[in-house]
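Participant: Have a look at this one before I ask anything.
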Protein chains: 2
Amino acid sequence: MTKRKPVSRARKLPERLPKRAAERIRESARDLFYARGIRAVGIDEIVNRAGVTKPSLYRSFASKDELTADYLRHVGEEGLARFDALVAADPGDPRAQLRRWLTELQQKANRSDYRGCGTTNAAVEYPDRKHPARKVASDIKKRFRARLTALAAQMGAAKPERLGDALLLLFEGTYASGQIFGAGGPSRVLIEAADLMIDGYLKR
Amino acid sequence: MTKRKPVSRARKLPERLPKRAAERIRESARDLFYARGIRAVGIDEIVNRAGVTKPSLYRSFASKDELTADYLRHVGEEGLARFDALVAADPGDPRAQLRRWLTELQQKANRSDYRGCGTTNAAVEYPDRKHPARKVASDIKKRFRARLTALAAQMGAAKPERLGDALLLLFEGTYASGQIFGAGGPSRVLIEAADLMIDGYLKR
DNA sequence: CAAATATGTTACCGAACGGTACGTTGGCGG
DNA sequence: CCGCCAACGTACCGTTCGGTAACATATTTG
C-alpha cells in the first residue's frame, strides 16, 4: 500500500535490455503502421511480428489508439530531430540547410516503395481532431511549420511565414505524390521548384 | 432455361426512378467515405444513412472494395470534369484557367472541415497497388497530371512536364495541409506560390 | 535467497465487421 | 385479375476486431 520507498539513488532507467517487449512492439508497430496504414493493421499482427503476446502489449500501452499516438510521437520527434541535424550541418547557411533536406526527401520520395509522411498519413486516417493520434499529428506538423518559418526568416525573406508555408506545400505535395506516383513522379522537380520559389520570395 | 427472348424493343434502362437504392447508397457512401475515411466507415452505417438494407447494397456492388472503387471513379471523374469546365471558361488563356482552379481550391482548403482530396486520401488508406480502389486512384491522378502538363505547355513553358509537376506538388500539398491545419494553414499562400513558380519556369 | 518486476500462456469476451440465404412485397403485362 | 419478377427487408452467418482475466514462468535486483 504505502509507496514510501525513499528512492535514495536515482532510479534506473525504465529500459534495460535492447530486447524489451515494449520496444519490440514499438518497432513492429512502426514498421507495419507506416507500410500498410494504421487502421489496416490489427493488434494481433503487431504482436506476432514482435514475437510477443497481446497482454504484453496492453501492459505497456493502454489501447491501440495510445500505441498509435506513441508511434506518431516517435516518428515525429525523429523527423524534427533529423531536420535539426541537417540544419546544424551547415551553420549560418540556411539555404544549404534546406537543400540537404530537399535532397534527402527527393531521394526517398522517388523510391518505388515510398509511403509518404507517417504523420500526414495518420491525419488522413484519423480526421477527427479529438482523436489522440490526430492530436499528436497536428502538434508535430505545427512544430515543423514553425521551423520552416524560422528558416525562411534566416534566408532573409520579407514574409518568412509565407515562404515557409510555400515550402511546406511542396513538402506535403512530395509526400503525397511520391507515394502515389512512385519513381518518376512529380517529386522529381522538388528541388528546382523550391529554388524557383525561394528566388521569387526573396526577390520581392 | 432458354434465354431466347427476342428482345424486340430496346430494353428499358436499368434505372427508372431517382430514388433508386443504388443511387442512395452511392451518395451515402460518398459522404461518409470522404468525411471520415473509407476504412473507418462500415457497410451498416452506409446502408443506414441511405435508408436501405445491406442486401440492397450487395445487389448493386460486389463488395465494399468495389463500392469504394465506384466511389473513387465518381469523385475522380467529377474532379476532372470540373477542371475541364474551368478550362473551358477562359478559352485560350491558360493562366486564367489555372487561376480559377487555384482560387476554388484555396477557398475550399481553408474551410475548417476540409478533408482534402478523396482520391489522394484513398491512396493513403490503400497503399497496395493491386487493390481495386488504389488502381482507380492512380488512374485518376495520372490523368490529372497529364492535364497539368498540357496546361503548362499552353502557357509556353520550355519544359511543360516539369512545370506541370511543380504545380501538382502545390495542389497535393494544399490537399494535405488544408485538412491538417484547417483555416489559416499553409494553403493560404497557394496562389502566390503558384504565380511565383510559374514565373520562374516561364522565365527560363 | 527472496521479493519484485516483466513476460508468456491460454482462454475468453462483446461488438463490429463484411457478406448471404431466404422470405416478402409491389407493380406491371398478359 | 392473376401470375410473374424485380426490388427490397428480416434474420442470420462466420470471422476478425480490440481488449481482458487468471495463472504460470522467467529475469532481475536488493
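In the C-alpha cells, the first chain shown is A, the next is B, and so on; residue numbers restart at 1 for each chain, and ligands run from 1 in the order shown.
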Which residues are near Leu170 in chain B? Cut-off 6 Å, only C-alpha atoms (C1' of nucleotides), ignore same chain within fewer than 4 positions. Put them as a PyMOL selection string.

Facilitator: chain A and resi 169-170+173

Participant: How would the residues just chosen look if you wrote them out with N, CA and C atoms as a CSV table (one decimal), in the first residue's frame?

Facilitator:
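Below is the file again07.csv, written as the result:
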```csv
chain,number,residue,atom,x,y,z
A,169,LEU,N,4.0,23.5,-48.5
A,169,LEU,CA,3.2,22.9,-49.5
A,169,LEU,C,3.9,22.0,-50.4
A,170,LEU,N,5.1,22.4,-50.8
A,170,LEU,CA,6.0,21.5,-51.6
A,170,LEU,C,6.3,20.2,-51.0
A,173,GLY,N,3.2,18.1,-50.7
A,173,GLY,CA,2.9,17.6,-52.1
A,173,GLY,C,3.9,16.4,-52.5
```

Participant: Which neighbours of Val52 in chain A fall inside 9 Å, counting only C-alpha atoms (C1' of nucleotides), when residues of the same chain fewer than 6 positions from it are skipped, and could you give them as a list in words?

Facilitator: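 In the requested format, the answer is Ala21, Arg24, Ile25 and Ile46 of chain A; DT7 and DG8 of chain C.
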
Participant: If we count only C-alpha atoms (C1' of nucleotides) and set the cut-off at 12 Å, which residues sit around DC28 in chain C, ignoring sequence neighbours fewer than 6 positions away in its own chain? Please answer as a list in words.

Facilitator: DC2, DG3, DC4, DC5 and DA6 of chain D

Participant: Mind dumping the selected residues with N, CA and C atoms (P, O5', C5', C4', C3', O3' and C1' of nucleotides) as an mmCIF file, in the first residue's frame?

Facilitator:
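Below is the file out_1.cif, written as the result:
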```
data_model
loop_
_atom_site.group_PDB
_atom_site.id
_atom_site.type_symbol
_atom_site.label_atom_id
_atom_site.label_comp_id
_atom_site.auth_asym_id
_atom_site.auth_seq_id
_atom_site.Cartn_x
_atom_site.Cartn_y
_atom_site.Cartn_z
ATOM 1 P P DC D 2 -57.698 -13.690 -59.377
ATOM 2 O "O5'" DC D 2 -56.739 -14.772 -60.026
ATOM 3 C "C5'" DC D 2 -56.681 -14.878 -61.450
ATOM 4 C "C4'" DC D 2 -55.252 -14.741 -61.935
ATOM 5 C "C3'" DC D 2 -54.191 -15.166 -60.913
ATOM 6 O "O3'" DC D 2 -53.337 -16.093 -61.521
ATOM 7 C "C1'" DC D 2 -53.628 -13.087 -61.869
ATOM 8 P P DG D 3 -52.745 -17.241 -60.610
ATOM 9 O "O5'" DG D 3 -51.306 -17.414 -61.291
ATOM 10 C "C5'" DG D 3 -51.202 -17.361 -62.706
ATOM 11 C "C4'" DG D 3 -49.988 -16.546 -63.117
ATOM 12 C "C3'" DG D 3 -48.694 -16.926 -62.386
ATOM 13 O "O3'" DG D 3 -47.668 -17.028 -63.347
ATOM 14 C "C1'" DG D 3 -49.067 -14.589 -62.219
ATOM 15 P P DC D 4 -46.420 -17.901 -62.999
ATOM 16 O "O5'" DC D 4 -45.268 -16.883 -63.405
ATOM 17 C "C5'" DC D 4 -45.469 -15.999 -64.508
ATOM 18 C "C4'" DC D 4 -44.699 -14.709 -64.280
ATOM 19 C "C3'" DC D 4 -43.333 -14.907 -63.607
ATOM 20 O "O3'" DC D 4 -42.357 -14.289 -64.416
ATOM 21 C "C1'" DC D 4 -44.536 -13.153 -62.554
ATOM 22 P P DC D 5 -40.911 -14.913 -64.488
ATOM 23 O "O5'" DC D 5 -40.009 -13.621 -64.240
ATOM 24 C "C5'" DC D 5 -40.470 -12.344 -64.700
ATOM 25 C "C4'" DC D 5 -39.977 -11.247 -63.776
ATOM 26 C "C3'" DC D 5 -38.654 -11.565 -63.064
ATOM 27 O "O3'" DC D 5 -37.847 -10.418 -63.115
ATOM 28 C "C1'" DC D 5 -40.272 -10.924 -61.495
ATOM 29 P P DA D 6 -36.286 -10.575 -63.174
ATOM 30 O "O5'" DA D 6 -35.797 -9.118 -62.791
ATOM 31 C "C5'" DA D 6 -36.494 -7.984 -63.296
ATOM 32 C "C4'" DA D 6 -36.885 -7.043 -62.158
ATOM 33 C "C3'" DA D 6 -35.719 -6.621 -61.259
ATOM 34 O "O3'" DA D 6 -35.718 -5.214 -61.163
ATOM 35 C "C1'" DA D 6 -37.515 -7.452 -59.944
#
```

Participant: With a cut-off of 10 Å and counting only C-alpha atoms (C1' of nucleotides), select all residues of chain A in contact with chain D and give the selection as a list in words.

Facilitator: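 The answer, sorted by residue number, is Gly42, Ile43, Asp44, Lys54, Pro55, Tyr58, Ala62, Ser63 and Lys64 of chain A.
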
Participant: Go through chain B residue by residue and, counting only C-alpha atoms, keep those with an atom at most 7 Å from chain A; for each kept residue give the shortest atom pair and its distance in Å to one decimal, ordered by chain and increasing number, as CSV.

Facilitator:
```
residue,atom,partner,partner_atom,distance
B:Arg36,CA,A:Pro127,CA,6.3
B:Gly37,CA,A:Glu125,CA,6.3
B:Arg39,CA,A:Arg39,CA,6.9
B:Asn121,CA,A:Val124,CA,6.2
B:Ala123,CA,A:Ile180,CA,6.6
B:Val124,CA,A:Asn121,CA,6.2
B:Glu125,CA,A:Gly37,CA,6.3
B:Pro127,CA,A:Arg36,CA,6.3
B:Ser138,CA,A:Ile180,CA,6.5
B:Arg162,CA,A:Val189,CA,6.3
B:Asp165,CA,A:Pro186,CA,4.5
B:Ala166,CA,A:Ala193,CA,6.0
B:Leu168,CA,A:Pro186,CA,7.0
B:Leu169,CA,A:Gly173,CA,4.2
B:Leu170,CA,A:Leu169,CA,5.5
B:Phe171,CA,A:Gly173,CA,6.8
B:Glu172,CA,A:Gly173,CA,4.4
B:Gly173,CA,A:Gly173,CA,3.7
B:Thr174,CA,A:Leu169,CA,6.0
B:Ala176,CA,A:Glu172,CA,6.4
B:Ser177,CA,A:Glu172,CA,6.9
B:Ile180,CA,A:Ser138,CA,6.5
B:Pro186,CA,A:Asp165,CA,4.5
B:Val189,CA,A:Ala166,CA,6.2
B:Ala193,CA,A:Ala166,CA,6.0
B:Leu196,CA,A:Gly200,CA,5.6
B:Met197,CA,A:Met197,CA,5.5
B:Gly200,CA,A:Leu196,CA,5.5
```

Participant: For the residues in that selection, give me C-alpha atoms as a short mmCIF file (atom, residue, chain, number, x, y, z; two decimals), in the first residue's frame.

Facilitator:
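selection.cif written:
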```cif
data_model
loop_
_atom_site.label_atom_id
_atom_site.label_comp_id
_atom_site.auth_asym_id
_atom_site.auth_seq_id
_atom_site.Cartn_x
_atom_site.Cartn_y
_atom_site.Cartn_z
CA ARG B 36 -14.48 10.07 -42.19
CA GLY B 37 -12.31 7.84 -44.34
CA ARG B 39 -11.74 2.03 -43.66
CA ASN B 121 -6.81 10.04 -49.20
CA ALA B 123 -4.33 6.11 -51.96
CA VAL B 124 -3.07 6.71 -48.44
CA GLU B 125 -5.57 4.28 -46.99
CA PRO B 127 -1.14 1.53 -50.31
CA SER B 138 -3.72 6.03 -59.51
CA ARG B 162 8.25 19.94 -65.09
CA ASP B 165 4.60 18.50 -61.89
CA ALA B 166 5.59 21.51 -59.79
CA LEU B 168 0.83 19.23 -58.89
CA LEU B 169 3.13 19.33 -55.88
CA LEU B 170 1.43 22.53 -54.78
CA PHE B 171 -2.01 21.02 -55.25
CA GLU B 172 -1.25 17.87 -53.34
CA GLY B 173 0.41 19.94 -50.67
CA THR B 174 -2.74 22.00 -50.40
CA ALA B 176 -2.84 17.62 -47.22
CA SER B 177 -2.05 20.80 -45.33
CA ILE B 180 -4.23 19.15 -41.30
CA PRO B 186 -0.19 26.95 -45.45
CA VAL B 189 -0.21 31.03 -49.95
CA ALA B 193 3.32 30.41 -54.60
CA LEU B 196 5.97 32.76 -58.43
CA MET B 197 6.69 29.28 -59.63
CA GLY B 200 10.19 31.16 -62.60
#
```

Participant: Give me, as a list in words, the contact residues of chain C against chain B at a cut-off of 8 Å, counting only C-alpha atoms (C1' of nucleotides).

Facilitator: DC17, DG18 and DT20 of chain C

Participant: Emit the selected residues as a compact mmCIF listing (two decimals), in the first residue's frame, including C-alpha atoms (C1' of nucleotides).

Facilitator:
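Contents of the output file part_22.txt:
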```txt
# COMPACT_ATOMS: atom_id res chain seq x y z
C1' DC C 17 -17.06 -6.39 -39.44
C1' DG C 18 -18.18 -7.92 -44.44
C1' DT C 20 -25.59 -14.01 -47.57
```

Participant: With DSSP run on the backbone, what are the helix (DSSP H, G or I) residues within range 58-197 of chain A? I'd like them as a PyMOL selection string.

Facilitator: chain A and resi 58-60+64-89+94-109+118-125+132-154+160-181+186-197

Participant: Expressed in Å to a single decimal, how great is the separation between CA of Gly92 in chain B and CA of Glu77 in chain B?

Facilitator: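 Between CA of Gly92 in chain B and CA of Glu77 in chain B the gap is 23.2 Å.
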
Participant: List as an NGL selection string the protein and nucleic acid residues near Glu27 in chain B, meaning an atom at most 12 Å away when only C-alpha atoms (C1' of nucleotides) are counted, but skip any in the same chain fewer than 6 places from it.

Facilitator: :B and (18-21 or 33-34 or 46-47 or 49-51 or 67-68 or 70-71 or 74-75)

Participant: Excluding Val87 in chain B and residues on its chain fewer than 5 positions from it, collect all residues at most 12 Å away from it, counting only C-alpha atoms (C1' of nucleotides), and give them as a PDB file with N, CA and C atoms, in the first residue's frame.

Facilitator:
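Output saved as selection_12.pdb:
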```pdb
ATOM      1  N   LEU B  80     -12.154  15.778 -62.585  1.00  0.00           N
ATOM      2  CA  LEU B  80     -11.594  16.038 -63.902  1.00  0.00           C
ATOM      3  C   LEU B  80     -12.554  16.884 -64.732  1.00  0.00           C
ATOM      4  N   ALA B  81     -13.832  16.564 -64.623  1.00  0.00           N
ATOM      5  CA  ALA B  81     -14.825  17.338 -65.375  1.00  0.00           C
ATOM      6  C   ALA B  81     -14.856  18.792 -64.886  1.00  0.00           C
ATOM      7  N   ARG B  82     -14.732  18.951 -63.585  1.00  0.00           N
ATOM      8  CA  ARG B  82     -14.712  20.306 -63.028  1.00  0.00           C
ATOM      9  C   ARG B  82     -13.522  21.089 -63.569  1.00  0.00           C
ATOM     10  N   GLY B  92      -8.345  29.837 -74.418  1.00  0.00           N
ATOM     11  CA  GLY B  92      -7.155  30.482 -74.935  1.00  0.00           C
ATOM     12  C   GLY B  92      -6.316  31.189 -73.899  1.00  0.00           C
ATOM     13  N   ASP B  93      -6.746  31.177 -72.651  1.00  0.00           N
ATOM     14  CA  ASP B  93      -5.991  31.865 -71.604  1.00  0.00           C
ATOM     15  C   ASP B  93      -5.651  30.879 -70.469  1.00  0.00           C
ATOM     16  N   PRO B  94      -4.622  30.080 -70.691  1.00  0.00           N
ATOM     17  CA  PRO B  94      -4.318  29.003 -69.737  1.00  0.00           C
ATOM     18  C   PRO B  94      -4.041  29.506 -68.321  1.00  0.00           C
ATOM     19  N   ARG B  95      -3.450  30.647 -68.244  1.00  0.00           N
ATOM     20  CA  ARG B  95      -3.120  31.137 -66.902  1.00  0.00           C
ATOM     21  C   ARG B  95      -4.387  31.510 -66.125  1.00  0.00           C
ATOM     22  N   ALA B  96      -5.333  32.069 -66.830  1.00  0.00           N
ATOM     23  CA  ALA B  96      -6.618  32.377 -66.185  1.00  0.00           C
ATOM     24  C   ALA B  96      -7.363  31.106 -65.834  1.00  0.00           C
ATOM     25  N   GLN B  97      -7.237  30.103 -66.693  1.00  0.00           N
ATOM     26  CA  GLN B  97      -7.873  28.812 -66.400  1.00  0.00           C
ATOM     27  C   GLN B  97      -7.330  28.236 -65.098  1.00  0.00           C
ATOM     28  N   LEU B  98      -6.018  28.276 -65.013  1.00  0.00           N
ATOM     29  CA  LEU B  98      -5.391  27.752 -63.803  1.00  0.00           C
ATOM     30  C   LEU B  98      -5.793  28.561 -62.584  1.00  0.00           C
ATOM     31  N   ARG B  99      -5.870  29.858 -62.764  1.00  0.00           N
ATOM     32  CA  ARG B  99      -6.204  30.711 -61.618  1.00  0.00           C
ATOM     33  C   ARG B  99      -7.592  30.391 -61.063  1.00  0.00           C
ATOM     34  N   ARG B 100      -8.497  30.049 -61.930  1.00  0.00           N
ATOM     35  CA  ARG B 100      -9.829  29.660 -61.458  1.00  0.00           C
ATOM     36  C   ARG B 100      -9.737  28.436 -60.553  1.00  0.00           C
ATOM     37  N   TRP B 101      -8.970  27.479 -61.020  1.00  0.00           N
ATOM     38  CA  TRP B 101      -8.801  26.256 -60.232  1.00  0.00           C
ATOM     39  C   TRP B 101      -8.155  26.568 -58.879  1.00  0.00           C
ATOM     40  N   LEU B 102      -7.110  27.374 -58.929  1.00  0.00           N
ATOM     41  CA  LEU B 102      -6.392  27.724 -57.711  1.00  0.00           C
ATOM     42  C   LEU B 102      -7.295  28.440 -56.719  1.00  0.00           C
ATOM     43  N   ARG B 147      -3.231  16.527 -67.635  1.00  0.00           N
ATOM     44  CA  ARG B 147      -3.904  17.794 -67.902  1.00  0.00           C
ATOM     45  C   ARG B 147      -3.029  18.976 -67.486  1.00  0.00           C
ATOM     46  N   LEU B 148      -2.322  18.817 -66.393  1.00  0.00           N
ATOM     47  CA  LEU B 148      -1.461  19.905 -65.939  1.00  0.00           C
ATOM     48  C   LEU B 148      -0.285  20.105 -66.890  1.00  0.00           C
ATOM     49  N   ALA B 150      -0.368  19.536 -70.051  1.00  0.00           N
ATOM     50  CA  ALA B 150      -0.930  20.201 -71.227  1.00  0.00           C
ATOM     51  C   ALA B 150      -1.127  21.690 -70.958  1.00  0.00           C
ATOM     52  N   LEU B 151      -1.614  22.000 -69.760  1.00  0.00           N
ATOM     53  CA  LEU B 151      -1.825  23.401 -69.408  1.00  0.00           C
ATOM     54  C   LEU B 151      -0.499  24.155 -69.399  1.00  0.00           C
ATOM     55  N   GLN B 154       0.578  24.953 -72.814  1.00  0.00           N
ATOM     56  CA  GLN B 154      -0.155  26.092 -73.387  1.00  0.00           C
ATOM     57  C   GLN B 154       0.329  27.419 -72.822  1.00  0.00           C
TER      58      GLN B 154
END
```
